[in-house]
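Asker: I have a structure here, written as structure tokens, and I will follow up with some questions on it.
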Amino acid sequence: MKLADDHQDMPVIQRRKSVWELLKDPVFLQFLAIIKTYKWYYAGVIGAQIALTGVALLFAETSRRLFDQVPNIPDRNLLIILSAFSVTTVLQLAFTFLYNWLNSALNESVVFEMRRKILNHLQRLPLSFHESHHSSNSFNIMYSELEIAKNFIVFDVQRLIALPVSFLFVGIYLMSVHPILGAIAISIGPLQLLSNLVHKSKFKQAAEMQSRATRGVFFTIGETLHGVREIKSNQMEPIIDERMADIQTKGVAYNVLLTKLSTIRGIAKEIPGRVGYIAGVGVGAYMMASGSIGPGGLVAFITLLDKVAEPFNVLVDTINNLQRSISGARRLFDVMDMEEENVKDGIALPDGSPSIRYEGVAFRYAEESNAIRGISFEVPAGTSIALVGPSGSGKSTVVKLLHRFYEPQEGTIRLDGIPLKEYSIASLRERMALVSQDIYIFDGTVAENIAAGRPEAAYEDIERAAKLAQAYDFIAALPKGFDSAIGERGIKLSHGQKQRLSIARAILRNASILVMDEPTSALDVDTESSFQKDLGQWASSCTKIIIAHRLSTIRDADYILFIDKGEIIESGTMNQLIEKNGRFRRYWEKQGAFPAATR
Ligand SMILES: Nc1ncnc2c1ncn2[C@@H]1O[C@H](COP(=O)(O)OP(=O)(O)OP(=O)(O)O)[C@@H](O)[C@H]1O
């Protein structure tokens, strides 16, 4: 169980992009394409915002007329004014309702669409991404980073369009009431923008630290839930608790700091508004006394002061948000920018079992030293080869290359004489079945789990696969047989039972290459021997690669490779290797598989 704090700088994937580069980023443009899909919602929300400004103008103008005419207002005018107030109230309520409703629909739809896009992308990234990044990293992207990016795409974008329009309307109206009052009102907003400079870098830093703390929380929760068994058996609960407390303490401190800085910036933002109000009321009162405006003009000024300042007010918030959104979105885009596996390009692998040939293949993971080197062997079509060797010797790596989960740095792998790279990944994986050490049971029924790789399979075929995998009896004993729910929310299976389901899954795929990575490690001796017998029947035509730590699993293999430290040390049939009396024989002797030979 890893306890490193590597969530602190996840994911450092590519060079950081400037805001400008980010706005030109193709992924950002893809997100803008989402906006296009929901253009009518955006139009509705923006329209409702502008309409609310119109209603505010109507209210201010009505108030102005009322105060300009009282106390000698004719009954008819009063009636018109009261009707206008009633209309503004109704309109205000109606547009507020419309705005909230459309905004919520827009928000949910965009989040849904973005999450789908990101998950689609994540599952199409090469295995190397998932093997080198903690899964909590992807969860964090799906939730926190997405939430932040969404705030920009949903709210900031619409405000940036609607508010300047509102500003223009209200500004023009106030200038028409009186140019000096209009100028005072208009100048408040730009002054408010200056508040953005207050503690600018400190604020940015605090936002980044707070987001790190959030990522830390995701990381710790993910790691704890993933390794709960190891945590319990190693009594690591206090360590996890301490770690969480540490992250939370920092998280609380950064949150408080962020709130403190936001409040200071908020005060700085308020000051021009308050000063503008006092100046406007003072100037207005003076002008009223000198008769250049009526009392209604002053009332309109007071009523609309907030409205004219609002666009800048919100712009300040939007710029604040933008700083956070950009750093969240940047992490999201970094991952979205990563190239997906190209599974389509290439020729299709023809029907029938192919021969497999490795020619001087070498591979290393990222910066590490070679995991395998100089690997050369051939498996004729329809035969089997077993890879044996100590743990960490490179056996799984050899077969990962066959799936094209990774590409070798040296050498060539050929199927039927054609380099693997020329086949499309989709056709390769379609023709290969994998029974691996890590068995994943999906949330669903037994039948659905067996048919995971062939959802259209007939029920009889599923049953047949279960029989050949020695899984039929235990499935039949489940409360609902093949319809019993298993996985996260269903019946829990033993490792051996899961392994048998995974074998049934592979059988059902009807593949022409069968890769088995320790396929029977959790089966009892009797079940394994029946499985071996049946393997000869259902997989007779497949070309097979079997990785095994058990001698019984490889006894029937046509050819065996003994691998150590990434190299083939010995190769031959079982009898040849035993007679050779070399590393292979000593390896099994150590495990008590047969008596030590006299040397
Ligand atoms: N995703 C990975 N990233 C970096 N190194 C890896 C990765 N997977 C495996 N390795 C390293 O490559 C080497 C070979 O590993 P591999 O899993 O191929 O061995 P193996 O023989 O299959 O082991 P085992 O029998 O224990 O499953 C090991 O040193 C391992 O630490």
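Chain identifiers are assigned as A, B, and so on, following the order in which chains appear in the structure tokens; residues are numbered from 1 within each chain, and ligands are numbered from 1 in order of appearance.
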Given a cut-off of 7 Å, what residues near ligand 1 show up using only C-alpha atoms and all ligand atoms, put as a list in words?

Answerer: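 Final answer, ordered by chain and number: Ser128, Glu131, Ser132, Tyr365, Ala366, Glu368, Ala371, Gly389, Pro390, Ser391, Gly392, Ser393, Gly394, Lys395, Ser396, Thr397, Val398 and Gly566 of chain A.
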
Asker: Could you pull out the strand (DSSP E or B) residues of segment 270-455 of chain A from DSSP and send them as number ranges by chain?

Answerer: A: 347, 356-363, 372-379, 384-388, 410-415, 418-419, 423, 432-435, 444-445

Asker: Hey, what's within 8 Å of Ile475 of chain A if we count only C-alpha atoms and toss same-chain stuff fewer than 5 positions away? As a ChimeraX atom specification, please?

Answerer: /A:446,481-482

Asker: Each residue of segment 395-504 of chain A with at least one atom at most 9 Å from segment 374-379 of chain A should appear once, together with its nearest atom pair and the corresponding distance in Å (one decimal); atoms considered: only C-alpha atoms; ordering: chain, then increasing residue number; output as CSV.

Answerer:
residue,atom,partner,partner_atom,distance
A:Val398,CA,A:Ile375,CA,8.3
A:Glu410,CA,A:Gly374,CA,8.4
A:Gly411,CA,A:Gly374,CA,7.8
A:Ile413,CA,A:Ser376,CA,8.9

Asker: Please provide as a PyMOL selection string all residues within 7 Å of Ile563 of chain A, with the sequence filter that same-chain residues fewer than 4 positions apart are discarded (counting only C-alpha atoms).

Answerer: chain A and resi 387-389+393+567-569

Asker: Suppose we keep N, CA and C atoms; can you now write the selection as a compact mmCIF listing (two decimals), in the first residue's frame?

Answerer:
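Output saved as selection.txt:
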# COMPACT_ATOMS: atom_id res chain seq x y z
N LEU A 387 4.96 -19.46 -20.35
CA LEU A 387 6.02 -18.59 -19.86
C LEU A 387 6.15 -18.84 -18.36
N VAL A 388 7.34 -19.21 -17.95
CA VAL A 388 7.57 -19.52 -16.54
C VAL A 388 8.75 -18.69 -16.07
N GLY A 389 8.74 -18.35 -14.78
CA GLY A 389 9.88 -17.63 -14.25
C GLY A 389 9.52 -16.94 -12.95
N SER A 393 9.81 -11.18 -13.46
CA SER A 393 10.81 -11.49 -14.50
C SER A 393 10.41 -10.92 -15.85
N GLU A 567 14.87 -11.83 -19.57
CA GLU A 567 15.49 -12.55 -20.69
C GLU A 567 15.08 -14.02 -20.68
N ILE A 568 15.06 -14.62 -21.87
CA ILE A 568 14.78 -16.05 -21.93
C ILE A 568 16.07 -16.79 -21.57
N ILE A 569 15.99 -17.57 -20.48
CA ILE A 569 17.18 -18.26 -20.00
C ILE A 569 17.25 -19.67 -20.60

Asker: List every residue of segment 184-221 of chain A that has an atom at most 8 Å from any atom of segment 245-248 of chain A, giving for each one its closest atom pair and the distance in Å to one decimal, counting only C-alpha atoms, sorted by chain and then by ascending residue number, as CSV.

Answerer:
residue,atom,partner,partner_atom,distance
A:Ala213,CA,A:Ile247,CA,6.0
A:Gly216,CA,A:Ile247,CA,6.6
A:Val217,CA,A:Ile247,CA,6.8

Asker: Going by DSSP on the backbone, which bits of segment 373-572 of chain A are helix (DSSP H, G or I)? Write them as an MDAnalysis selection string, please.

Answerer: chainID A and resid 395:402 420:422 425:430 446:453 459:468 472:476 481:483 495:508 525:538 551:554

Asker: Counting only C-alpha atoms, which residue out of A:Thr412, A:Asn510, A:Ser484, A:Ser571 sits closest to Arg429 of chain A?

Answerer: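 Answer, going by the shortest atom-to-atom distance: A:Asn510.
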
Asker: Pick from A:Val361, A:Val256, A:Ala183, A:Val110: nearest to Thr37 of chain A, with only C-alpha atoms counted?

Answerer: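 Going through A:Val361, A:Val256, A:Ala183, A:Val110 one by one, the smallest distance to Thr37 of chain A is for A:Val110.
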